[in-house]
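Student: I'd like to ask you about the structure that follows.
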Number of protein chains: 2
Amino acid sequence: MIKLLSGLLALLVAAAVQAAPLTLTSPSGTLTLHVEVNGDGRPDYWLTRNGKPVLDRSRLGFILADGAKLERNFVPSELSRTRVDTTWEQPWGERRYVRDRHSELQVAFEETGALKRRMLVIFRLFDDGLGFRYALPAQPNLQQARIVEELTEFAVSEAGDAWWVPGGEWNRYEYLTQRTAIDQVSQAHTVLSMRTASGLHLAIHEAALVDYAGMWLRRVEGQRFKARLAPAADGPSVVRDVPFVTPWRVVLVARDAAGLVAASDIILNLNEPNRLGDTSWFKPHKYVGVWWEMHLDTASWASGAKHGATTTNTRRYIDFAAKHGFRGVLVEGWNVGWDGDWFANGADFSFTRATPDFDIAALSAYGLKKGVRLIGHHETSANIANYEPQLAAGLDLYQRLGIDAVKTGYVADAGGVQAPGGRFEWHDGQRMSRHHLLVVTEAAKRKIAVNPHEPIKDTGLRRTYPNWVSREGARGMEYNAWGDPKNPPSHEVDLVYTRMLSGPFDYTPGVLSLTGRGGSPIPSTLARQLALYVTLYSPIQMAADLPENYQKQMAAFQFIKDVPADWSESRLVSGEMGSHAAFARKDRNSEDWYLGAITNEEGRALEIGLDFLTPGKRYEAQIYADGEGADYRQDSRSRIRIAKRVVQSTDRLPIVLAPGGGQAVRFRAL
Amino acid sequence: MIKLLSGLLALLVAAAVQAAPLTLTSPSGTLTLHVEVNGDGRPDYWLTRNGKPVLDRSRLGFILADGAKLERNFVPSELSRTRVDTTWEQPWGERRYVRDRHSELQVAFEETGALKRRMLVIFRLFDDGLGFRYALPAQPNLQQARIVEELTEFAVSEAGDAWWVPGGEWNRYEYLTQRTAIDQVSQAHTVLSMRTASGLHLAIHEAALVDYAGMWLRRVEGQRFKARLAPAADGPSVVRDVPFVTPWRVVLVARDAAGLVAASDIILNLNEPNRLGDTSWFKPHKYVGVWWEMHLDTASWASGAKHGATTTNTRRYIDFAAKHGFRGVLVEGWNVGWDGDWFANGADFSFTRATPDFDIAALSAYGLKKGVRLIGHHETSANIANYEPQLAAGLDLYQRLGIDAVKTGYVADAGGVQAPGGRFEWHDGQRMSRHHLLVVTEAAKRKIAVNPHEPIKDTGLRRTYPNWVSREGARGMEYNAWGDPKNPPSHEVDLVYTRMLSGPFDYTPGVLSLTGRGGSPIPSTLARQLALYVTLYSPIQMAADLPENYQKQMAAFQFIKDVPADWSESRLVSGEMGSHAAFARKDRNSEDWYLGAITNEEGRALEIGLDFLTPGKRYEAQIYADGEGADYRQDSRSRIRIAKRVVQSTDRLPIVLAPGGGQAVRFRAL
């Protein structure tokens, strides 16, 4: 990209200065982008959809720590226009083939003053969204960018509702989604999703967050949002040598919820293609693990009598996995460092030394014989100053033992990261964007897949680094063990239209016991736990409950055994923000389809047209539905109705969802 | 203060650890403060008024750049309790005597971990508000505080409306006030004012902002606000050697608008007493100046044919001032540096060299002979890297010439300050808090009063440094020359209940021509321009219009000539947030009272009881009222009705305010 920009800059000399707004139209003409400098030479952009405003005039530029702002006295010129219509294949994902169809406009802004600094903005316009990024080309008067703040704005034109979690808060992304008027948002993380009065569906996010600070959105006034970069502890939010490009700023624009979900492919399209070469060594899979019992507080991460990660206990999980076809067994608390206040004592963690009661070598070998792999675990307590020096050795150990996936963790006491030099850093600051990519690339060298918890947000980098397979980055299932409150049913619906637009989420569903710590009820029906495997996408899916609990629910458990973790197609077949979501997905390795539907606190009757099935083909629909009178608030939550019937693409499937309920269906091709 | 704290710390050893919440009751029992650590040892405070919640549990603490947060694992202990009831005299102000009646509680929080760091919080509870500040005492494990962020919260209990301007925006404080629901605020500057559903009036601000970053308020969710410190360009928001104390965080709590205005004395009470000794050399006064004509664009700051600051033109103003009793003549554009784009070329300003057409020495001498002083002007274009090295010489020049007041300016192209080392800084960051105090103390050495425009916000430091006499810090009259929009009538009403709670504002009223640039109408009635001298307090008040315009309105101008700029008493006699404001103030140097009333866009009839007048005494009420049919939207805006009648304290004065109108009354003691 840098090389491309340098080449294009040569054109600058010849390019005519533009007086009228530059415009760019999306391939089918749905969206139109406008770019213009105002009377002060200040660059603005705005966006219309079929002639109606989507974003009003919104600013572009930078505040620098040690120089005049890149903000005004700019003359714009058009550098290039291109059109792209291509389809690329994912190694794994929600769909096998992704179409990338967009118009691109590159604009150079050159200062009229003495410094003559140059700032490029690359716009890509899709029919269902806009991406743009800044590029600072090599130039004499700007050799290093010390960025205090971006001036980037998103001025939403139309009133409506917003779904969001607070940005720049200490509990990272782990909040229940707030639904407010757009003009009641304060400072939000992205994905910030909106539905306007006229029914337009919008989401603001970013793509390809590499060596840069995460973008929060601060509402300045009315419906005008401004980028705020996650701060660094000491110094500007971002320090980069020039030339470089920023992450893409992304606005998804769709006319309905299904369109919004589909538009999220834009985030992948804006990322660079796979840099790792063949990553077929990563196999999407399901896993179990020594985990839920710690959240129930019946076992401990710490060593001692309650220690969960013992050789004996792990062997039990391996046997269970082998028997039921799970590839992975996660073991948390296997290593030295968990004793004492591990939230605060991240410096104690060893990533190579197991506790004496955990024979990691023997367990790995035992699993491999049975076709089961241990899944590694690197909890750092957000102390990367301790973790980074041990990273290579820790991954080497796993590679040696045949452990080809690792869950990392950055729990901190609702606080920041401890970086080298005693520095405090944000979970989504520039330093952590570098850290996560370091872990991912070091793991890739060893053919290990990475699944960070308490991570930096997903910005589609799985396309470039396909071993970055999943992550957390929202309130997961563990809140149903001990949360106050637990995750209400609306939470998982909200996830579909916010967090899930950014990429896979290791939510760890499937708690069929529907009980958390001390036997406390989980606000979900039983069928809903199954539906989550289809509604919340991840190429690694945990069956989070205890083996003994699955033994009591073998009929329902069958769905978890059947459901794949890799898809050739995915689509939202029914859904509304704040209400419900039903996905149909096709298994990547068979002709089977799966359906998962969840609702919020309200019961709901849907009728799903089965036109996604192959016409003329017959399927056995294996239906896992909420039982009669099921309700997430009552003991009836465990009632499930399992039935079979033969269907085909011309059929319509009536679905009744209990309050807080769900439904899972396997369409087995006959 | 530091010394005091060290002494108190010795008590810590003996102090018993408190388990139950510490409580503190205001002198009359109206407010109660509660302080407690939660289960994690995290300090919280909350506030009740007559048993009803005002602030819910709100956090205290700090994020540090290079160490663990000061947030939890604290054990609280009570260090001291004191009660104060004292009255002190202002050298000048809204009132001569200020009563300071409060209960104080000092709480020490000591960490239980290895670091055993100590954080003190000093609470002062008044019947109409709370102030608290942190003190970090000398201690081995915290020698320098590098503060990324405060954890201080203000969780407002009750729903209601908020009046605010966006904080952390590039146009400093110069915004029209937004009125939204409290839970629609995004990030606000203080003063943030609120009126709850039950009628409680609240305002959050700070006091004694010294060597620290200004506090913005970010709404996190619901009605919970969190302090955000104005960032530094490069490094933590605040860097301070320990021991030190922070500014006071202030919450004003009153049952009505008059109570809120009265409660603002708390901000002064929380500041340290006068450190400058005798400052009687500063005389509150009114002034005219070479200023409005530049805003009209009929003269220029830059040299050349349109130059306003010529010897000839200034002599005209001196003659006018002498004739009509104005002490001061401000002259902007008198010095070298205004040519070219002075918004951007702050490095060109000289603070000692006048333009060739401005004979500063001769003009000063000419004025002094007539009892008129030039008022100095130091526009910096926010380039303090250029200003600070010249500061002493610039002030020396003024002292030598008998110029004893200076208006400073920090205009920047909607951007930040250029500090030494090429650093970008915020107008209200720690660096600028130091800069302003440097200017004030250097000026005090030379017996010069300071009036900064585009300043850091007022936090009551005029008590400690009485030569810091006024400032801007909001949209002033110049927006009525060229603003788009101009200041609507509601703006000045909103100022009373927000910005004015913080202290004097050099709003520069009195544009009796009611016309801005190109003859454009100003949204005000004529009588309102007079009323502003009473409603918007400043000890220096400009008569902003051109001398030739005053010549056309000598009857109305009489009020501007009569009205004093120093008061012995002030009270809001009628007013509601968002509606109107009427102040009665007593001249400090006579028995006369003055009344000024303004309304928003709506006409309004008030009846003011005159019980503020001395009983039994007769006064001639000189009434400047909106004329029949006057309306700020129409040519009738200039209609004024001037009348006289004799009144006494038992009378009630009916007042009719036109839409966008006002009324001014002088009660001349007979």
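Order determines the names: the first chain of the structure tokens is A, the second B, and so forth; residues in each chain are numbered 1 upward, and ligands are numbered 1 upward as they are shown.
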Using only C-alpha atoms, find the residues of chain A whose closest atom to chain B is at most 6 Å away, then write them as a ChimeraX atom specification.
Tutor: /A:65-66,184,186,219,233-236,422-424
Student: As a list of chain:residue names, list the residues of range 437-549 of chain B assigned to strand (DSSP E) by DSSP on the backbone atoms of this structure.
Tutor: B:Ala449, B:Val450, B:Asn451, B:Pro452, B:His453, B:Ile540, B:Gln541, B:Met542
Student: When DSSP is applied to the backbone of this structure, which of range 320-428 of chain A are assigned helix (DSSP H, G or I)? Write them out as a ChimeraX atom specification.
Tutor: /A:320-324,346-348,360-369,384-401
Student: So the first atom is CA of Arg59 in chain A and the second is CA of Asn38 in chain A; what is the distance between them in Å, to one decimal place?
Tutor: 10.0 Å
Student: Just checking: using only C-alpha atoms, which residue out of A:His491, A:Arg633, A:His307, A:Arg240 ends up closest to Val331 in chain A?
Tutor: A:His307
Student: Counting only C-alpha atoms, which residue out of A:Leu526, A:Gly596, A:Thr177, A:Val511 sits closest to Arg641 in chain A?
Tutor: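 With only C-alpha atoms as the atom set, the closest residue is A:Leu526.
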Student: Please provide the set of residues having any atom within 9 Å of range 102-105 of chain B, restricted to only C-alpha atoms, with same-chain residues fewer than 4 positions apart removed, written as a PDB file with N, CA, C and O atoms, in the first residue's frame.
Tutor:
```
ATOM      1  N   THR B  23     -19.996   9.617  58.016  1.00  0.00           N
ATOM      2  CA  THR B  23     -20.974  10.596  57.550  1.00  0.00           C
ATOM      3  C   THR B  23     -20.579  11.974  58.032  1.00  0.00           C
ATOM      4  O   THR B  23     -19.877  12.123  59.035  1.00  0.00           O
ATOM      5  N   LEU B  24     -21.032  12.952  57.283  1.00  0.00           N
ATOM      6  CA  LEU B  24     -20.756  14.343  57.612  1.00  0.00           C
ATOM      7  C   LEU B  24     -22.028  15.110  57.313  1.00  0.00           C
ATOM      8  O   LEU B  24     -22.628  14.929  56.247  1.00  0.00           O
ATOM      9  N   THR B  25     -22.436  15.929  58.246  1.00  0.00           N
ATOM     10  CA  THR B  25     -23.679  16.670  58.081  1.00  0.00           C
ATOM     11  C   THR B  25     -23.357  18.152  57.943  1.00  0.00           C
ATOM     12  O   THR B  25     -22.460  18.657  58.619  1.00  0.00           O
ATOM     13  N   SER B  26     -24.078  18.823  57.052  1.00  0.00           N
ATOM     14  CA  SER B  26     -23.824  20.253  56.835  1.00  0.00           C
ATOM     15  C   SER B  26     -24.302  21.030  58.054  1.00  0.00           C
ATOM     16  O   SER B  26     -25.107  20.532  58.846  1.00  0.00           O
ATOM     17  N   PRO B  27     -23.844  22.260  58.225  1.00  0.00           N
ATOM     18  CA  PRO B  27     -24.086  23.000  59.469  1.00  0.00           C
ATOM     19  C   PRO B  27     -25.544  23.023  59.921  1.00  0.00           C
ATOM     20  O   PRO B  27     -25.822  22.854  61.104  1.00  0.00           O
ATOM     21  N   GLU B  78     -10.774   8.167  59.726  1.00  0.00           N
ATOM     22  CA  GLU B  78     -11.125   9.577  59.887  1.00  0.00           C
ATOM     23  C   GLU B  78      -9.940  10.308  60.482  1.00  0.00           C
ATOM     24  O   GLU B  78      -9.431   9.947  61.526  1.00  0.00           O
ATOM     25  N   LEU B  79      -9.503  11.357  59.781  1.00  0.00           N
ATOM     26  CA  LEU B  79      -8.349  12.110  60.262  1.00  0.00           C
ATOM     27  C   LEU B  79      -8.768  13.275  61.142  1.00  0.00           C
ATOM     28  O   LEU B  79      -8.136  13.565  62.139  1.00  0.00           O
ATOM     29  N   SER B  80      -9.809  13.948  60.719  1.00  0.00           N
ATOM     30  CA  SER B  80     -10.215  15.133  61.488  1.00  0.00           C
ATOM     31  C   SER B  80     -11.612  15.552  61.088  1.00  0.00           C
ATOM     32  O   SER B  80     -12.085  15.235  60.002  1.00  0.00           O
ATOM     33  N   ARG B  81     -12.254  16.259  61.979  1.00  0.00           N
ATOM     34  CA  ARG B  81     -13.541  16.911  61.729  1.00  0.00           C
ATOM     35  C   ARG B  81     -13.459  18.324  62.252  1.00  0.00           C
ATOM     36  O   ARG B  81     -12.993  18.532  63.376  1.00  0.00           O
ATOM     37  N   THR B  82     -13.893  19.261  61.457  1.00  0.00           N
ATOM     38  CA  THR B  82     -13.904  20.633  61.941  1.00  0.00           C
ATOM     39  C   THR B  82     -15.176  21.312  61.468  1.00  0.00           C
ATOM     40  O   THR B  82     -15.806  20.875  60.503  1.00  0.00           O
ATOM     41  N   ARG B  83     -15.536  22.395  62.162  1.00  0.00           N
ATOM     42  CA  ARG B  83     -16.672  23.217  61.737  1.00  0.00           C
ATOM     43  C   ARG B  83     -16.164  24.638  61.597  1.00  0.00           C
ATOM     44  O   ARG B  83     -15.414  25.118  62.449  1.00  0.00           O
ATOM     45  N   VAL B  84     -16.575  25.281  60.555  1.00  0.00           N
ATOM     46  CA  VAL B  84     -16.126  26.643  60.292  1.00  0.00           C
ATOM     47  C   VAL B  84     -17.348  27.518  60.084  1.00  0.00           C
ATOM     48  O   VAL B  84     -18.301  27.109  59.418  1.00  0.00           O
ATOM     49  N   ASP B  85     -17.345  28.684  60.701  1.00  0.00           N
ATOM     50  CA  ASP B  85     -18.359  29.698  60.385  1.00  0.00           C
ATOM     51  C   ASP B  85     -17.659  31.038  60.472  1.00  0.00           C
ATOM     52  O   ASP B  85     -17.409  31.558  61.551  1.00  0.00           O
ATOM     53  N   VAL B 121      -8.742  12.474  51.304  1.00  0.00           N
ATOM     54  CA  VAL B 121      -9.806  13.261  50.689  1.00  0.00           C
ATOM     55  C   VAL B 121     -10.368  14.192  51.745  1.00  0.00           C
ATOM     56  O   VAL B 121     -10.698  13.766  52.849  1.00  0.00           O
ATOM     57  N   ILE B 122     -10.427  15.459  51.390  1.00  0.00           N
ATOM     58  CA  ILE B 122     -10.916  16.489  52.304  1.00  0.00           C
ATOM     59  C   ILE B 122     -12.284  16.926  51.802  1.00  0.00           C
ATOM     60  O   ILE B 122     -12.413  17.413  50.679  1.00  0.00           O
ATOM     61  N   PHE B 123     -13.289  16.674  52.614  1.00  0.00           N
ATOM     62  CA  PHE B 123     -14.662  17.025  52.249  1.00  0.00           C
ATOM     63  C   PHE B 123     -15.082  18.270  53.020  1.00  0.00           C
ATOM     64  O   PHE B 123     -14.867  18.339  54.239  1.00  0.00           O
ATOM     65  N   ARG B 124     -15.670  19.210  52.326  1.00  0.00           N
ATOM     66  CA  ARG B 124     -16.290  20.346  53.024  1.00  0.00           C
ATOM     67  C   ARG B 124     -17.743  20.409  52.610  1.00  0.00           C
ATOM     68  O   ARG B 124     -18.054  20.498  51.424  1.00  0.00           O
ATOM     69  N   LEU B 125     -18.594  20.362  53.600  1.00  0.00           N
ATOM     70  CA  LEU B 125     -20.019  20.300  53.324  1.00  0.00           C
ATOM     71  C   LEU B 125     -20.697  21.584  53.815  1.00  0.00           C
ATOM     72  O   LEU B 125     -20.610  21.935  54.993  1.00  0.00           O
ATOM     73  N   PHE B 126     -21.312  22.258  52.878  1.00  0.00           N
ATOM     74  CA  PHE B 126     -22.079  23.473  53.164  1.00  0.00           C
ATOM     75  C   PHE B 126     -23.557  23.087  53.133  1.00  0.00           C
ATOM     76  O   PHE B 126     -23.906  22.000  52.674  1.00  0.00           O
ATOM     77  N   ASP B 127     -24.421  23.984  53.546  1.00  0.00           N
ATOM     78  CA  ASP B 127     -25.850  23.662  53.454  1.00  0.00           C
ATOM     79  C   ASP B 127     -26.324  23.657  52.012  1.00  0.00           C
ATOM     80  O   ASP B 127     -27.365  23.091  51.702  1.00  0.00           O
TER      81      ASP B 127
END
```
Student: Using only C-alpha atoms for the distances, tell me which of A:Leu229, A:Ile384, A:Leu31, A:Leu653 is nearest to Phe62 in chain A.
Tutor: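 Using only C-alpha atoms, Phe62 in chain A sits closest to A:Leu229.
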Student: In terms of the shortest atom-to-atom distance over only C-alpha atoms, which of B:Asp40, B:Asp635, B:Asp100, B:Glu293 is closest to Asn269 in chain B?
Tutor: B:Asp100
Student: Go through B:Ile360, B:Leu296, B:Ala114, B:Leu142 one by one, measure the shortest atom-to-atom distance of each to Thr515 in chain B using only C-alpha atoms, and give the residue with the smallest value.
Tutor: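 That would be B:Leu296, the residue with the smallest distance to Thr515 in chain B.
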Student: Show me, as a list in words, the residues that have an atom within 7 Å of range 276-283 of chain B when counting only C-alpha atoms, minus same-chain residues fewer than 4 positions from it.
Tutor: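 In the requested form, the answer reads Lys447, Ala449, Tyr465, Pro466 and Asn467 of chain B.
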Student: Nearest to Ala203 in chain A among A:Arg499, A:Arg400, A:Arg95, A:Arg49, with distances taken over only C-alpha atoms: which residue is it?
Tutor: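 Checking each candidate against Ala203 in chain A, we get A:Arg499 as the closest.
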Student: Identify, on the basis of only C-alpha atoms, every residue whose closest approach to Gly518 in chain B does not exceed 12 Å; exclude the query and any residue fewer than 2 positions from it along the same chain; express the result as a list in words.
Tutor: Glu293, His295, Leu296, Asp297, Thr298, Asn480, Ala481, Trp482, Leu514, Thr515, Gly516, Ser520, Pro521 and Ile522 of chain B
Student: Could the residues in this selection be written to a file with N, CA, C and O atoms, as a JSON list (two decimals), in the first residue's frame?
Tutor:
```
[["chain", "number", "residue", "atom", "x", "y", "z"],
["B", 293, "GLU", "N", -15.27, 48.08, 16.36],
["B", 293, "GLU", "CA", -15.13, 48.42, 14.94],
["B", 293, "GLU", "C", -14.36, 47.35, 14.17],
["B", 293, "GLU", "O", -14.59, 47.14, 12.99],
["B", 295, "HIS", "N", -14.59, 44.14, 14.95],
["B", 295, "HIS", "CA", -15.57, 43.06, 14.78],
["B", 295, "HIS", "C", -16.60, 43.42, 13.71],
["B", 295, "HIS", "O", -17.15, 42.54, 13.05],
["B", 296, "LEU", "N", -16.84, 44.71, 13.55],
["B", 296, "LEU", "CA", -17.73, 45.14, 12.47],
["B", 296, "LEU", "C", -17.02, 45.09, 11.11],
["B", 296, "LEU", "O", -17.65, 45.26, 10.08],
["B", 297, "ASP", "N", -15.71, 44.95, 11.16],
["B", 297, "ASP", "CA", -14.88, 44.94, 9.95],
["B", 297, "ASP", "C", -14.83, 46.31, 9.27],
["B", 297, "ASP", "O", -14.54, 46.41, 8.09],
["B", 298, "THR", "N", -15.10, 47.36, 10.05],
["B", 298, "THR", "CA", -14.89, 48.71, 9.51],
["B", 298, "THR", "C", -13.50, 49.20, 9.87],
["B", 298, "THR", "O", -13.04, 50.21, 9.34],
["B", 480, "ASN", "N", -22.30, 38.74, 18.27],
["B", 480, "ASN", "CA", -23.41, 39.54, 17.74],
["B", 480, "ASN", "C", -22.97, 40.46, 16.62],
["B", 480, "ASN", "O", -23.80, 41.06, 15.94],
["B", 481, "ALA", "N", -21.65, 40.56, 16.43],
["B", 481, "ALA", "CA", -21.16, 41.30, 15.26],
["B", 481, "ALA", "C", -21.19, 40.41, 14.03],
["B", 481, "ALA", "O", -21.68, 40.79, 12.98],
["B", 482, "TRP", "N", -20.67, 39.18, 14.19],
["B", 482, "TRP", "CA", -20.45, 38.35, 13.00],
["B", 482, "TRP", "C", -20.88, 36.89, 13.18],
["B", 482, "TRP", "O", -20.69, 36.08, 12.28],
["B", 514, "LEU", "N", -27.46, 48.22, 18.36],
["B", 514, "LEU", "CA", -28.14, 46.95, 18.07],
["B", 514, "LEU", "C", -27.88, 46.46, 16.66],
["B", 514, "LEU", "O", -28.72, 45.78, 16.06],
["B", 515, "THR", "N", -26.72, 46.81, 16.13],
["B", 515, "THR", "CA", -26.38, 46.32, 14.79],
["B", 515, "THR", "C", -24.97, 45.77, 14.79],
["B", 515, "THR", "O", -24.05, 46.35, 15.37],
["B", 516, "GLY", "N", -24.82, 44.65, 14.08],
["B", 516, "GLY", "CA", -23.52, 44.04, 13.89],
["B", 516, "GLY", "C", -22.97, 44.35, 12.51],
["B", 516, "GLY", "O", -23.31, 45.38, 11.90],
["B", 520, "SER", "N", -26.29, 44.29, 10.25],
["B", 520, "SER", "CA", -27.15, 43.16, 10.63],
["B", 520, "SER", "C", -27.70, 43.37, 12.04],
["B", 520, "SER", "O", -27.00, 43.84, 12.92],
["B", 521, "PRO", "N", -28.97, 43.02, 12.25],
["B", 521, "PRO", "CA", -29.59, 43.30, 13.55],
["B", 521, "PRO", "C", -29.08, 42.35, 14.64],
["B", 521, "PRO", "O", -28.79, 41.19, 14.39],
["B", 522, "ILE", "N", -28.96, 42.89, 15.84],
["B", 522, "ILE", "CA", -28.57, 42.09, 17.01],
["B", 522, "ILE", "C", -29.84, 41.65, 17.73],
["B", 522, "ILE", "O", -30.74, 42.47, 17.93]]
```
Student: Quick one: everything within 8 Å of Ala197 in chain A, counting only C-alpha atoms, minus sequence neighbours fewer than 2 positions away in the same chain. Send it as a PyMOL selection string.
Tutor: chain A and resi 158-161+195+199-200
Student: I need the chosen residues saved as a PDB file, in the first residue's frame, with N, CA, C and O atoms.
Tutor:
```
ATOM      1  N   GLU A 158     -30.043  11.426  10.456  1.00  0.00           N
ATOM      2  CA  GLU A 158     -31.438  11.199  10.832  1.00  0.00           C
ATOM      3  C   GLU A 158     -31.523  10.707  12.270  1.00  0.00           C
ATOM      4  O   GLU A 158     -30.666   9.941  12.726  1.00  0.00           O
ATOM      5  N   ALA A 159     -32.558  11.131  12.988  1.00  0.00           N
ATOM      6  CA  ALA A 159     -32.751  10.696  14.373  1.00  0.00           C
ATOM      7  C   ALA A 159     -33.104   9.215  14.421  1.00  0.00           C
ATOM      8  O   ALA A 159     -33.557   8.636  13.431  1.00  0.00           O
ATOM      9  N   GLY A 160     -32.902   8.608  15.573  1.00  0.00           N
ATOM     10  CA  GLY A 160     -33.229   7.198  15.713  1.00  0.00           C
ATOM     11  C   GLY A 160     -32.675   6.639  17.000  1.00  0.00           C
ATOM     12  O   GLY A 160     -32.314   7.382  17.917  1.00  0.00           O
ATOM     13  N   ASP A 161     -32.608   5.312  17.057  1.00  0.00           N
ATOM     14  CA  ASP A 161     -32.124   4.617  18.248  1.00  0.00           C
ATOM     15  C   ASP A 161     -30.701   4.114  18.032  1.00  0.00           C
ATOM     16  O   ASP A 161     -30.306   3.794  16.916  1.00  0.00           O
ATOM     17  N   ARG A 195     -30.598   2.510  14.328  1.00  0.00           N
ATOM     18  CA  ARG A 195     -31.736   2.364  13.416  1.00  0.00           C
ATOM     19  C   ARG A 195     -32.470   3.699  13.427  1.00  0.00           C
ATOM     20  O   ARG A 195     -32.895   4.165  14.485  1.00  0.00           O
ATOM     21  N   GLY A 199     -36.076   3.847   9.264  1.00  0.00           N
ATOM     22  CA  GLY A 199     -35.778   2.422   9.156  1.00  0.00           C
ATOM     23  C   GLY A 199     -34.406   2.109   8.596  1.00  0.00           C
ATOM     24  O   GLY A 199     -34.072   0.932   8.391  1.00  0.00           O
ATOM     25  N   LEU A 200     -33.610   3.129   8.356  1.00  0.00           N
ATOM     26  CA  LEU A 200     -32.245   2.871   7.904  1.00  0.00           C
ATOM     27  C   LEU A 200     -31.452   2.245   9.050  1.00  0.00           C
ATOM     28  O   LEU A 200     -31.593   2.641  10.201  1.00  0.00           O
TER      29      LEU A 200
END
```
Student: Just the residues within 7 Å of Glu206 in chain A, please, counting only C-alpha atoms, with nothing from its chain fewer than 4 positions along; format it as a list of chain:residue names.
Tutor: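 Counting only C-alpha atoms, the residues come to A:Pro247, A:Trp248, A:Arg249, A:Val250, A:Thr459.
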